$ cat protein36.tsv   # TSV, C-alpha atoms and all ligand atoms
chain	number	residue	atom	x	y	z
A	1	MET	CA	-29.39	-7.47	-18.60
A	2	ASP	CA	-29.59	-3.82	-17.70
A	3	ILE	CA	-26.65	-2.41	-15.73
A	4	ASN	CA	-29.02	-0.94	-13.16
A	5	GLU	CA	-30.37	-4.39	-12.42
A	6	ILE	CA	-26.85	-5.57	-11.55
A	7	ILE	CA	-26.23	-2.69	-9.15
A	8	ARG	CA	-28.01	-4.21	-6.17
A	9	GLU	CA	-26.95	-5.01	-2.62
A	10	ALA	CA	-27.30	-8.76	-3.29
A	11	ASN	CA	-24.72	-8.56	-6.10
A	12	LEU	CA	-22.18	-6.49	-4.18
A	13	VAL	CA	-18.69	-8.04	-4.38
A	14	TYR	CA	-16.42	-5.16	-3.44
A	15	LYS	CA	-16.69	-1.88	-1.64
A	16	LYS	CA	-14.30	0.33	0.30
A	17	THR	CA	-14.04	-0.94	3.87
A	18	SER	CA	-15.61	1.38	6.43
A	19	LEU	CA	-12.36	1.12	8.43
A	20	LEU	CA	-10.94	3.53	5.87
A	21	THR	CA	-12.64	6.81	6.79
A	22	GLU	CA	-14.68	8.88	4.36
A	23	LYS	CA	-12.10	11.66	4.57
A	24	PRO	CA	-10.42	12.17	1.17
A	25	LEU	CA	-6.87	10.78	1.37
A	26	SER	CA	-4.24	13.52	1.42
A	27	TYR	CA	-2.05	11.64	-1.08
A	28	CYS	CA	-1.29	12.71	-4.65
A	29	PRO	CA	-3.26	11.04	-7.46
A	30	GLY	CA	-2.05	7.47	-8.05
A	31	CYS	CA	0.09	7.25	-4.90
A	32	GLY	CA	0.62	3.73	-3.53
A	33	HIS	CA	0.09	4.92	0.06
A	34	GLY	CA	-3.67	4.89	-0.56
A	35	VAL	CA	-3.67	1.29	-1.78
A	36	VAL	CA	-1.61	0.11	1.17
A	37	HIS	CA	-3.84	1.95	3.67
A	38	ARG	CA	-6.86	0.24	2.15
A	39	ILE	CA	-5.46	-3.29	2.16
A	40	ILE	CA	-4.24	-2.97	5.76
A	41	MET	CA	-7.74	-1.90	6.77
A	42	GLU	CA	-9.26	-4.77	4.78
A	43	VAL	CA	-7.01	-7.25	6.59
A	44	ILE	CA	-7.97	-5.78	9.97
A	45	GLU	CA	-11.64	-6.03	9.01
A	46	GLU	CA	-11.32	-9.62	7.77
A	47	LEU	CA	-9.49	-10.70	10.94
A	48	ASP	CA	-12.11	-8.80	12.97
A	49	ILE	CA	-9.46	-7.12	15.13
A	50	ALA	CA	-10.36	-3.44	14.65
A	51	THR	CA	-10.94	-2.87	18.37
A	52	GLU	CA	-7.76	-4.74	19.31
A	53	THR	CA	-5.37	-3.04	16.90
A	54	ILE	CA	-3.14	-0.04	17.52
A	55	GLY	CA	-1.30	1.55	14.60
A	56	ILE	CA	1.72	3.83	14.78
A	57	ALA	CA	1.84	6.64	12.21
A	58	PRO	CA	5.24	7.92	11.05
A	59	VAL	CA	6.59	11.22	9.79
A	60	GLY	CA	6.38	11.53	6.01
A	61	CYS	CA	3.47	11.78	3.59
A	62	SER	CA	1.56	9.29	5.74
A	63	VAL	CA	1.93	11.44	8.86
A	64	LEU	CA	-1.86	11.83	8.86
A	65	ALA	CA	-2.56	8.07	8.57
A	66	TYR	CA	-4.61	8.28	11.78
A	67	GLU	CA	-7.10	10.50	9.95
A	68	PHE	CA	-7.77	7.72	7.44
A	69	MET	CA	-7.47	4.53	9.48
A	70	ASP	CA	-10.47	4.24	11.76
A	71	ILE	CA	-8.68	2.39	14.56
A	72	ASP	CA	-6.67	3.46	17.60
A	73	MET	CA	-3.46	5.15	16.49
A	74	GLN	CA	-0.44	6.82	17.99
A	75	GLN	CA	1.83	9.29	16.24
A	76	ALA	CA	5.57	8.71	16.58
A	77	SER	CA	8.39	11.13	15.89
A	78	HIS	CA	10.43	10.58	12.74
A	79	GLY	CA	11.82	7.03	12.58
A	80	ARG	CA	10.80	6.13	16.12
A	81	ALA	CA	7.67	4.12	15.33
A	82	PRO	CA	9.24	0.71	16.15
A	83	ALA	CA	10.30	2.04	19.58
A	84	THR	CA	6.81	3.45	20.22
A	85	ALA	CA	5.27	0.17	19.04
A	86	THR	CA	7.58	-1.76	21.37
A	87	GLY	CA	6.35	0.22	24.37
A	88	ILE	CA	2.69	-0.20	23.45
A	89	LYS	CA	3.01	-3.91	22.69
A	90	ARG	CA	4.82	-4.58	25.94
A	91	CYS	CA	2.06	-2.81	27.89
A	92	TRP	CA	-0.66	-4.69	25.96
A	93	PRO	CA	0.89	-7.92	24.72
A	94	ASP	CA	-2.43	-9.20	23.39
A	95	LYS	CA	-3.14	-6.18	21.18
A	96	TYR	CA	-2.18	-6.15	17.52
A	97	VAL	CA	0.40	-3.40	17.08
A	98	PHE	CA	1.79	-2.26	13.77
A	99	THR	CA	3.93	0.55	12.39
A	100	TYR	CA	3.46	2.15	9.00
A	101	GLN	CA	6.68	3.79	7.80
A	102	GLY	CA	8.23	5.32	4.71
A	103	ASP	CA	11.78	4.65	3.58
A	104	GLY	CA	13.11	7.99	4.81
A	105	ASP	CA	11.49	7.20	8.16
A	106	LEU	CA	12.47	3.52	8.45
A	107	ALA	CA	15.74	3.33	6.53
A	108	ALA	CA	17.37	6.67	7.39
A	109	ILE	CA	16.53	8.44	10.64
A	110	GLY	CA	14.93	5.28	12.09
A	111	THR	CA	17.51	2.69	11.07
A	112	SER	CA	18.54	2.04	14.66
A	113	GLU	CA	14.96	1.63	15.95
A	114	THR	CA	14.14	-0.67	13.04
A	115	ILE	CA	17.14	-2.93	13.41
A	116	HIS	CA	16.90	-3.22	17.17
A	117	ALA	CA	13.15	-3.86	17.25
A	118	CYS	CA	13.67	-6.58	14.62
A	119	ASN	CA	16.65	-8.03	16.43
A	120	ARG	CA	14.84	-8.06	19.78
A	121	GLY	CA	12.01	-9.90	18.11
A	122	GLU	CA	9.24	-7.60	19.27
A	123	ASN	CA	5.88	-9.21	18.49
A	124	ILE	CA	4.77	-6.40	16.20
A	125	THR	CA	4.19	-5.87	12.48
A	126	ILE	CA	6.18	-3.34	10.45
A	127	ILE	CA	4.79	-2.12	7.12
A	128	PHE	CA	7.56	-0.40	5.17
A	129	ILE	CA	6.64	1.75	2.17
A	130	ASN	CA	9.67	2.01	-0.10
A	131	ASN	CA	9.16	4.63	-2.80
A	132	GLY	CA	12.88	5.28	-3.22
A	133	ILE	CA	12.82	8.91	-2.09
A	134	TYR	CA	11.69	11.34	0.59
A	135	GLY	CA	8.19	12.10	-0.70
A	136	MET	CA	6.88	14.69	1.72
A	137	THR	CA	9.87	17.00	1.71
A	138	GLY	CA	10.21	17.22	-2.07
A	139	GLY	CA	11.59	14.04	-3.58
A	140	GLN	CA	15.15	14.08	-2.19
A	141	MET	CA	17.46	11.06	-2.38
A	142	ALA	CA	16.79	8.48	0.34
A	143	PRO	CA	18.96	5.56	1.47
A	144	THR	CA	16.72	3.43	-0.79
A	145	THR	CA	17.20	5.49	-3.98
A	146	ILE	CA	18.44	2.99	-6.56
A	147	PRO	CA	21.69	3.50	-8.56
A	148	GLY	CA	21.13	5.97	-11.37
A	149	MET	CA	17.73	7.08	-10.05
A	150	VAL	CA	16.92	10.75	-10.51
A	151	SER	CA	15.71	12.62	-7.44
A	152	SER	CA	15.60	16.31	-6.58
A	153	THR	CA	19.03	16.03	-4.94
A	154	THR	CA	20.47	13.64	-7.57
A	155	PRO	CA	19.37	15.40	-10.75
A	156	TYR	CA	21.86	13.39	-12.82
A	157	GLY	CA	20.96	10.12	-11.13
A	158	ARG	CA	22.39	8.52	-7.99
A	159	ASP	CA	26.11	8.01	-8.47
A	160	VAL	CA	27.10	5.32	-5.98
A	161	GLN	CA	30.79	6.31	-6.15
A	162	LEU	CA	29.87	9.72	-4.80
A	163	MET	CA	26.67	9.11	-2.87
A	164	GLY	CA	27.16	5.63	-1.54
A	165	ASN	CA	25.08	2.53	-2.04
A	166	PRO	CA	21.38	2.07	-1.45
A	167	ILE	CA	20.48	-0.06	1.56
A	168	LYS	CA	18.18	-3.08	1.40
A	169	MET	CA	16.65	-2.98	4.86
A	170	THR	CA	14.38	-5.94	4.21
A	171	ASP	CA	17.34	-8.18	3.32
A	172	ILE	CA	19.10	-7.06	6.49
A	173	VAL	CA	16.20	-7.65	8.88
A	174	ALA	CA	15.51	-11.07	7.33
A	175	ARG	CA	18.93	-12.15	8.62
A	176	LEU	CA	18.25	-11.06	12.20
A	177	PRO	CA	17.16	-13.80	14.62
A	178	GLY	CA	14.19	-11.79	15.92
A	179	THR	CA	12.20	-11.75	12.69
A	180	LEU	CA	9.63	-14.46	12.03
A	181	PHE	CA	8.25	-13.37	8.66
A	182	VAL	CA	9.83	-11.00	6.13
A	183	SER	CA	8.34	-10.28	2.73
A	184	ARG	CA	8.73	-7.76	-0.09
A	185	GLN	CA	5.68	-6.95	-2.21
A	186	SER	CA	4.29	-4.19	-4.43
A	187	VAL	CA	0.88	-2.69	-5.19
A	188	HIS	CA	1.32	-1.52	-8.78
A	189	THR	CA	-0.99	-4.13	-10.39
A	190	ALA	CA	-4.12	-5.93	-9.19
A	191	VAL	CA	-2.21	-9.25	-8.93
A	192	ASN	CA	0.47	-7.61	-6.81
A	193	VAL	CA	-2.10	-5.93	-4.57
A	194	ARG	CA	-3.66	-9.35	-3.87
A	195	LYS	CA	-0.24	-10.82	-2.98
A	196	ALA	CA	0.67	-7.84	-0.82
A	197	LYS	CA	-2.59	-8.18	1.07
A	198	LYS	CA	-1.91	-11.85	1.71
A	199	ALA	CA	1.54	-11.01	3.11
A	200	ILE	CA	0.10	-8.28	5.33
A	201	LYS	CA	-2.53	-10.73	6.61
A	202	THR	CA	0.16	-13.26	7.54
A	203	ALA	CA	2.13	-10.48	9.23
A	204	PHE	CA	-0.88	-9.61	11.44
A	205	GLU	CA	-1.88	-13.21	12.15
A	206	ASN	CA	1.68	-13.94	13.29
A	207	GLN	CA	1.24	-11.63	16.28
A	208	LYS	CA	-0.88	-14.32	17.93
A	209	LEU	CA	2.12	-16.69	17.84
A	210	LYS	CA	4.37	-14.33	19.86
A	211	ARG	CA	7.40	-15.70	18.04
A	212	GLY	CA	8.92	-12.51	16.68
A	213	LEU	CA	8.50	-9.58	14.36
A	214	SER	CA	6.81	-9.64	10.97
A	215	PHE	CA	8.08	-7.18	8.37
A	216	VAL	CA	6.48	-6.39	5.01
A	217	GLU	CA	8.13	-4.03	2.54
A	218	ILE	CA	5.94	-2.58	-0.18
A	219	VAL	CA	7.88	-1.31	-3.19
A	220	SER	CA	5.75	1.70	-4.04
A	221	ASN	CA	5.61	4.74	-6.28
A	222	CYS	CA	5.80	8.48	-5.78
A	223	PRO	CA	4.43	9.99	-9.00
A	224	SER	CA	4.95	13.55	-7.74
A	225	GLY	CA	8.49	13.06	-6.48
A	226	TRP	CA	9.45	11.03	-9.51
A	227	ARG	CA	7.91	13.67	-11.81
A	228	MET	CA	5.83	11.08	-13.67
A	229	THR	CA	2.17	10.34	-14.28
A	230	PRO	CA	0.86	7.50	-12.09
A	231	ILE	CA	0.83	5.13	-15.09
A	232	GLN	CA	4.42	6.06	-16.02
A	233	ALA	CA	5.50	5.72	-12.39
A	234	ASN	CA	4.11	2.20	-12.09
A	235	LYS	CA	5.78	1.19	-15.34
A	236	TRP	CA	9.07	2.69	-14.17
A	237	LEU	CA	8.68	0.87	-10.85
A	238	GLU	CA	8.20	-2.45	-12.61
A	239	GLU	CA	11.16	-1.95	-14.94
A	240	ASN	CA	13.63	-0.41	-12.48
A	241	MET	CA	12.67	-0.83	-8.82
A	242	ILE	CA	11.62	-4.48	-8.92
A	243	PRO	CA	14.84	-5.81	-10.53
A	244	PHE	CA	16.74	-4.07	-7.70
A	245	TYR	CA	14.21	-5.00	-4.99
A	246	PRO	CA	12.94	-8.44	-6.08
A	247	LEU	CA	9.49	-9.37	-4.80
A	248	GLY	CA	8.59	-12.38	-2.68
A	249	ASP	CA	9.01	-13.81	0.80
A	250	LEU	CA	12.50	-13.58	2.28
A	251	LYS	CA	11.75	-15.38	5.52
A	252	VAL	CA	8.84	-17.62	6.44
A	253	ASP	CA	8.18	-19.10	9.87
A	254	GLY	CA	11.62	-18.02	11.03
A	255	ASN	CA	13.48	-19.65	8.13
A	256	LEU	CA	15.22	-17.83	5.32
A	257	VAL	CA	13.75	-18.59	1.92
A	258	SER	CA	16.48	-19.34	-0.60
A	259	PRO	CA	16.35	-17.00	-3.59
A	260	LYS	CA	14.82	-18.49	-6.74
B	261	MET	CA	-23.68	-21.70	-19.93
B	262	ALA	CA	-24.05	-19.12	-17.21
B	263	LYS	CA	-22.26	-15.90	-17.97
B	264	VAL	CA	-20.94	-13.45	-15.41
B	265	LYS	CA	-21.92	-9.80	-15.71
B	266	GLY	CA	-20.48	-7.02	-13.66
B	267	ALA	CA	-21.13	-3.39	-12.94
B	268	ILE	CA	-19.17	-0.69	-11.15
B	269	VAL	CA	-20.06	2.53	-9.38
B	270	ILE	CA	-17.35	5.19	-9.13
B	271	ASP	CA	-17.41	7.83	-6.41
B	272	ILE	CA	-16.58	10.68	-8.75
B	273	GLU	CA	-15.99	13.20	-5.96
B	274	ARG	CA	-13.38	10.92	-4.34
B	275	CYS	CA	-11.70	10.19	-7.71
B	276	LYS	CA	-8.39	11.95	-8.37
B	277	GLY	CA	-8.18	11.05	-12.05
B	278	CYS	CA	-5.03	8.93	-11.73
B	279	GLU	CA	-6.18	6.58	-14.53
B	280	LEU	CA	-4.78	3.48	-12.81
B	281	CYS	CA	-8.22	1.82	-12.99
B	282	VAL	CA	-8.29	2.43	-16.75
B	283	VAL	CA	-5.13	0.40	-17.33
B	284	ALA	CA	-6.07	-2.24	-14.74
B	285	CYS	CA	-9.30	-3.21	-16.51
B	286	PRO	CA	-8.72	-6.24	-18.76
B	287	VAL	CA	-11.72	-5.44	-20.96
B	288	ASN	CA	-11.35	-1.66	-21.30
B	289	VAL	CA	-14.54	-0.66	-19.51
B	290	ILE	CA	-13.27	2.58	-17.99
B	291	SER	CA	-12.51	5.93	-19.63
B	292	MET	CA	-11.77	9.39	-18.31
B	293	GLU	CA	-14.47	12.04	-18.36
B	294	LYS	CA	-13.68	15.38	-20.04
B	295	LYS	CA	-15.59	17.14	-17.27
B	296	VAL	CA	-13.96	17.66	-13.88
B	297	ASN	CA	-15.24	17.09	-10.34
B	298	THR	CA	-15.37	19.82	-7.69
B	299	LYS	CA	-11.68	19.22	-6.90
B	300	GLY	CA	-10.81	19.81	-10.54
B	301	TYR	CA	-9.91	16.23	-11.43
B	302	HIS	CA	-11.06	14.50	-14.61
B	303	PHE	CA	-12.85	11.49	-13.17
B	304	ALA	CA	-13.18	7.92	-14.33
B	305	TYR	CA	-16.46	6.51	-15.68
B	306	PRO	CA	-17.53	3.14	-17.14
B	307	GLU	CA	-17.86	4.12	-20.79
B	308	ASN	CA	-18.00	0.51	-22.05
B	309	HIS	CA	-20.06	-0.77	-19.11
B	310	GLU	CA	-21.61	-3.72	-20.96
B	311	ALA	CA	-18.20	-5.45	-21.12
B	312	CYS	CA	-17.70	-5.47	-17.33
B	313	THR	CA	-17.24	-8.90	-15.75
B	314	GLY	CA	-17.01	-7.68	-12.16
B	315	CYS	CA	-13.41	-8.91	-11.79
B	316	MET	CA	-12.68	-6.13	-9.25
B	317	ASN	CA	-9.24	-5.29	-10.66
B	318	CYS	CA	-10.14	-1.60	-11.00
B	319	ALA	CA	-11.36	-1.38	-7.41
B	320	ILE	CA	-8.31	-3.22	-6.07
B	321	VAL	CA	-5.79	-0.85	-7.67
B	322	CYS	CA	-7.68	2.39	-6.96
B	323	PRO	CA	-5.55	4.32	-4.48
B	324	ASP	CA	-8.54	6.31	-3.29
B	325	GLY	CA	-11.03	3.49	-2.75
B	326	CYS	CA	-13.52	5.03	-5.18
B	327	ILE	CA	-14.91	1.93	-6.87
B	328	THR	CA	-17.72	-0.39	-5.78
B	329	VAL	CA	-18.20	-3.60	-7.78
B	330	TYR	CA	-21.31	-5.73	-8.36
B	331	ARG	CA	-21.46	-9.08	-10.10
B	332	THR	CA	-24.16	-11.55	-11.03
B	333	LYS	CA	-24.66	-14.68	-13.13
B	334	VAL	CA	-26.93	-14.43	-16.13
B	335	GLU	CA	-28.35	-17.50	-17.85
C	1	LIG	C1	13.17	14.75	13.33
C	1	LIG	C2	12.75	15.16	11.95
C	1	LIG	N1	13.69	15.29	10.97
C	1	LIG	C3	13.33	15.64	9.72
C	1	LIG	C4	12.02	15.88	9.42
C	1	LIG	C5	11.64	16.31	8.00
C	1	LIG	N2	10.95	15.25	7.26
C	1	LIG	C6	9.61	15.22	7.15
C	1	LIG	S1	9.07	13.97	6.17
C	1	LIG	C7	10.66	13.47	5.88
C	1	LIG	C8	10.96	12.30	4.96
C	1	LIG	C9	9.84	11.35	4.74
C	1	LIG	O1	10.17	10.46	3.75
C	1	LIG	P1	9.65	8.96	3.73
C	1	LIG	O2	9.80	8.35	5.08
C	1	LIG	O3	10.34	8.27	2.61
C	1	LIG	O4	8.08	9.04	3.48
C	1	LIG	P2	7.25	9.55	2.21
C	1	LIG	O5	7.00	11.00	2.47
C	1	LIG	O6	8.07	9.28	0.99
C	1	LIG	O7	6.01	8.75	2.27
C	1	LIG	C10	11.58	14.28	6.53
C	1	LIG	C11	13.03	14.11	6.45
C	1	LIG	C12	11.07	15.76	10.47
C	1	LIG	N3	9.77	15.98	10.26
C	1	LIG	N4	11.45	15.40	11.71
C	2	LIG	S1	4.66	13.08	-2.56
C	2	LIG	FE1	4.86	11.00	-3.36
C	2	LIG	S2	4.61	9.63	-1.57
C	2	LIG	FE2	3.85	11.65	-1.01
C	2	LIG	S3	1.64	11.56	-1.41
C	2	LIG	FE3	2.63	12.45	-3.23
C	2	LIG	S4	3.00	10.72	-4.57
C	2	LIG	FE4	2.61	9.88	-2.52
C	3	LIG	S1	-14.70	-4.90	-12.45
C	3	LIG	FE1	-13.14	-5.70	-13.86
C	3	LIG	S2	-14.15	-5.71	-15.86
C	3	LIG	FE2	-15.40	-4.37	-14.53
C	3	LIG	S3	-14.57	-2.32	-14.88
C	3	LIG	FE3	-13.49	-3.14	-13.13
C	3	LIG	S4	-11.63	-4.04	-14.00
C	3	LIG	FE4	-13.06	-3.75	-15.70
C	4	LIG	S1	-8.12	4.50	-9.91
C	4	LIG	FE1	-9.60	5.53	-8.58
C	4	LIG	S2	-8.82	7.61	-8.31
C	4	LIG	FE2	-7.74	6.72	-10.07
C	4	LIG	S3	-8.96	7.35	-11.83
C	4	LIG	FE3	-9.72	5.35	-11.22
C	4	LIG	S4	-11.42	5.77	-9.82
C	4	LIG	FE4	-10.25	7.66	-10.03

$ encode --input "protein36.tsv" --output "structure tokens"
Amino acid sequence: MDINEIIREANLVYKKTSLLTEKPLSYCPGCGHGVVHRIIMEVIEELDIATETIGIAPVGCSVLAYEFMDIDMQQASHGRAPATATGIKRCWPDKYVFTYQGDGDLAAIGTSETIHACNRGENITIIFINNGIYGMTGGQMAPTTIPGMVSSTTPYGRDVQLMGNPIKMTDIVARLPGTLFVSRQSVHTAVNVRKAKKAIKTAFENQKLKRGLSFVEIVSNCPSGWRMTPIQANKWLEENMIPFYPLGDLKVDGNLVSPK
Amino acid sequence: MAKVKGAIVIDIERCKGCELCVVACPVNVISMEKKVNTKGYHFAYPENHEACTGCMNCAIVCPDGCITVYRTKVE
């Protein structure tokens, strides 16, 4: 069969959702931000909630998320997205409200907002992109930088004796009474993207239940900040980030999942 | 037995040449073009198109949403 005979509307099985705008993404080649943007928009399309969803964009590389996500969005100042989302959700309790935050945003300057929104059990969804560094500002060490990891401010690797320990925000929020669903996923292979999308879908669907906050961490890459090609970065992520940040659900339906 | 055949279309102007689709394809359909697009990126193209099964892996990992996938059964 000729290839051109296959390329027909009737045989279409996958195309970019129109909820992701035509604007070229501002991210570096191979950056996980693009994949996560796309799967969030696919979930919103599949749940048919585009007109009922409000996203909160952070400060970081994804500061322009509202240019790419064709839904209502609000910009928050650095780290404050969960506070902004709280206000919006409390004004419109039936809207779907989510934050999209990097690790510098969520786990450093916004630690307080994150922990308190989770502890209060706000009925929102938090999507947390953990690429182990501050991407936008030049690849500096973040609270999430793993032991030994090279960054622009830890050129010899993170020495925990000197620089302190990395913080596992997802493990912390799973133990707070206000969270309903907590999961850690990645988008570095097709299988992982499918799992991450499923977790994000659950996290959005949960908002209907009004039983607490749903939190999904995505262990992601930063090829530019890590000074690697995208293929090298994903390999490095699999070999180094995932052993430190194991993937899977940490809390389901309000109950902690015991580690395997 | 019915066989599944796939085909992909890559938006070469959106492509940033990251090569993640190349390694995601289980049957090595995709290669990188020597030419560059208007942004200066070497873009991906389905060099070994006949082998495509339409599994969508390439499209699912593409950070820039460049790939459209078609699939059909052939007798
Ligand atoms: C109040 C405030 N402090 C500091 C900054 C500088 N700043 C911009 S982005 C950023 C870090 C972003 O890192 P991360 O959240 O990990 O996102 P990434 O860029 O890696 O996606 C910082 C510190 C700022 N914009 N505003
Ligand atoms: S600096 Fe890193 S996180 Fe930011 S767009 Fe580039 S690769 Fe992505
Ligand atoms: S659809 Fe599957 S088989 Fe076809 S090019 Fe993409 S990854 Fe390869
Ligand atoms: S994954 Fe997408 S952006 Fe990367 S090379 Fe393939 S088509 Fe281009």

$ interface_residues --input "protein36.tsv" --of "chain A" --to "chain B" --cutoff "6 Å" --atoms "all atoms listed in the file" --output "MDAnalysis selection string"
chainID A and resid 7 11:16 29:30 34:35 190

$ closest_residue --input "protein36.tsv" --among "A:Gln101, A:Ser112, A:Thr189, A:Thr179" --to "ligand LIG 3 (chain C)" --atoms "only C-alpha atoms and all ligand atoms"
A:Thr189

$ closest_atom_pairs --input "protein36.tsv" --of "chain A" --to "ligand LIG 1 (chain C)" --cutoff "9 Å" --atoms "only C-alpha atoms and all ligand atoms" --output "Markdown table"
| residue | atom | partner | partner_atom | distance |
| --- | --- | --- | --- | --- |
| A:His33 | CA | C:LIG1 | O7 | 7.4 |
| A:Pro58 | CA | C:LIG1 | O2 | 7.5 |
| A:Val59 | CA | C:LIG1 | S1 | 5.2 |
| A:Gly60 | CA | C:LIG1 | O5 | 3.6 |
| A:Cys61 | CA | C:LIG1 | O5 | 3.8 |
| A:Ser62 | CA | C:LIG1 | O7 | 5.7 |
| A:Val63 | CA | C:LIG1 | S1 | 8.0 |
| A:Ser77 | CA | C:LIG1 | C1 | 6.5 |
| A:His78 | CA | C:LIG1 | C1 | 5.0 |
| A:Gly79 | CA | C:LIG1 | C1 | 7.9 |
| A:Gln101 | CA | C:LIG1 | O2 | 6.2 |
| A:Gly102 | CA | C:LIG1 | O2 | 3.4 |
| A:Asp103 | CA | C:LIG1 | O3 | 4.0 |
| A:Gly104 | CA | C:LIG1 | O2 | 3.3 |
| A:Asp105 | CA | C:LIG1 | O2 | 3.7 |
| A:Leu106 | CA | C:LIG1 | O2 | 6.5 |
| A:Ala107 | CA | C:LIG1 | O2 | 7.9 |
| A:Ala108 | CA | C:LIG1 | O2 | 8.1 |
| A:Ile109 | CA | C:LIG1 | N1 | 7.4 |
| A:Ile129 | CA | C:LIG1 | O7 | 7.0 |
| A:Asn130 | CA | C:LIG1 | O3 | 6.9 |
| A:Asn131 | CA | C:LIG1 | O6 | 6.1 |
| A:Gly132 | CA | C:LIG1 | O3 | 7.0 |
| A:Ile133 | CA | C:LIG1 | O3 | 5.4 |
| A:Tyr134 | CA | C:LIG1 | O1 | 3.6 |
| A:Gly135 | CA | C:LIG1 | O6 | 3.3 |
| A:Met136 | CA | C:LIG1 | O5 | 3.8 |
| A:Thr137 | CA | C:LIG1 | S1 | 5.5 |
| A:Gly138 | CA | C:LIG1 | O5 | 8.3 |
| A:Gly139 | CA | C:LIG1 | O6 | 7.5 |
| A:Gln140 | CA | C:LIG1 | C8 | 8.5 |
| A:Ala142 | CA | C:LIG1 | O3 | 6.8 |
| A:Thr144 | CA | C:LIG1 | O3 | 8.7 |
| A:Asn221 | CA | C:LIG1 | O6 | 8.9 |
| A:Cys222 | CA | C:LIG1 | O6 | 7.2 |
| A:Gly225 | CA | C:LIG1 | O6 | 8.4 |

$ write_last_selection --input "protein36.tsv" --atoms "C-alpha atoms" --output "PDB file, keeping the file's coordinate frame"
ATOM      1  CA  HIS A  33       0.090   4.920   0.060  1.00  0.00           C
ATOM      2  CA  PRO A  58       5.240   7.920  11.050  1.00  0.00           C
ATOM      3  CA  VAL A  59       6.590  11.220   9.790  1.00  0.00           C
ATOM      4  CA  GLY A  60       6.380  11.530   6.010  1.00  0.00           C
ATOM      5  CA  CYS A  61       3.470  11.780   3.590  1.00  0.00           C
ATOM      6  CA  SER A  62       1.560   9.290   5.740  1.00  0.00           C
ATOM      7  CA  VAL A  63       1.930  11.440   8.860  1.00  0.00           C
ATOM      8  CA  SER A  77       8.390  11.130  15.890  1.00  0.00           C
ATOM      9  CA  HIS A  78      10.430  10.580  12.740  1.00  0.00           C
ATOM     10  CA  GLY A  79      11.820   7.030  12.580  1.00  0.00           C
ATOM     11  CA  GLN A 101       6.680   3.790   7.800  1.00  0.00           C
ATOM     12  CA  GLY A 102       8.230   5.320   4.710  1.00  0.00           C
ATOM     13  CA  ASP A 103      11.780   4.650   3.580  1.00  0.00           C
ATOM     14  CA  GLY A 104      13.110   7.990   4.810  1.00  0.00           C
ATOM     15  CA  ASP A 105      11.490   7.200   8.160  1.00  0.00           C
ATOM     16  CA  LEU A 106      12.470   3.520   8.450  1.00  0.00           C
ATOM     17  CA  ALA A 107      15.740   3.330   6.530  1.00  0.00           C
ATOM     18  CA  ALA A 108      17.370   6.670   7.390  1.00  0.00           C
ATOM     19  CA  ILE A 109      16.530   8.440  10.640  1.00  0.00           C
ATOM     20  CA  ILE A 129       6.640   1.750   2.170  1.00  0.00           C
ATOM     21  CA  ASN A 130       9.670   2.010  -0.100  1.00  0.00           C
ATOM     22  CA  ASN A 131       9.160   4.630  -2.800  1.00  0.00           C
ATOM     23  CA  GLY A 132      12.880   5.280  -3.220  1.00  0.00           C
ATOM     24  CA  ILE A 133      12.820   8.910  -2.090  1.00  0.00           C
ATOM     25  CA  TYR A 134      11.690  11.340   0.590  1.00  0.00           C
ATOM     26  CA  GLY A 135       8.190  12.100  -0.700  1.00  0.00           C
ATOM     27  CA  MET A 136       6.880  14.690   1.720  1.00  0.00           C
ATOM     28  CA  THR A 137       9.870  17.000   1.710  1.00  0.00           C
ATOM     29  CA  GLY A 138      10.210  17.220  -2.070  1.00  0.00           C
ATOM     30  CA  GLY A 139      11.590  14.040  -3.580  1.00  0.00           C
ATOM     31  CA  GLN A 140      15.150  14.080  -2.190  1.00  0.00           C
ATOM     32  CA  ALA A 142      16.790   8.480   0.340  1.00  0.00           C
ATOM     33  CA  THR A 144      16.720   3.430  -0.790  1.00  0.00           C
ATOM     34  CA  ASN A 221       5.610   4.740  -6.280  1.00  0.00           C
ATOM     35  CA  CYS A 222       5.800   8.480  -5.780  1.00  0.00           C
ATOM     36  CA  GLY A 225       8.490  13.060  -6.480  1.00  0.00           C
TER      37      GLY A 225
END

$ closest_residue --input "protein36.tsv" --among "A:Ala196, A:Ala233, A:Ile115, A:Ile172" --to "ligand LIG 2 (chain C)" --atoms "only C-alpha atoms and all ligand atoms"
A:Ala233

$ atom_distance --input "protein36.tsv" --atom1 "atom CA of Pro223 of chain A" --atom2 "atom CA of Cys31 of chain A"
6.6 Å

$ axis_aligned_box --input "protein36.tsv" --around "ligand LIG 3 (chain C)" --padding-each-side "6 Å" --output "AutoDock Vina command-line options"
--center_x -13.5 --center_y -4.0 --center_z -14.2 --size_x 15.8 --size_y 15.4 --size_z 15.4

$ closest_residue --input "protein36.tsv" --among "A:Ile231, A:Met69, A:Leu176, A:Leu247" --to "ligand LIG 4 (chain C)" --atoms "all atoms listed in the file"
A:Ile231

$ residues_around --input "protein36.tsv" --residues "segment 201-216 of chain A" --least-positions-apart "3" --cutoff "10 Å" --atoms "only C-alpha atoms" --output "PyMOL selection string"
chain A and resi 39-40+42-44+46-47+49+53+93-100+117-129+170+173-174+177-186+195-198+219+248-254

$ closest_residue --input "protein36.tsv" --among "A:Ile88, A:Met228, A:Ala50, A:Ile146" --to "ligand LIG 2 (chain C)" --atoms "only C-alpha atoms and all ligand atoms"
A:Met228

$ atom_distance --input "protein36.tsv" --atom1 "atom FE2 of ligand LIG 4 (chain C)" --atom2 "atom CA of Gly32 of chain A"
11.0 Å
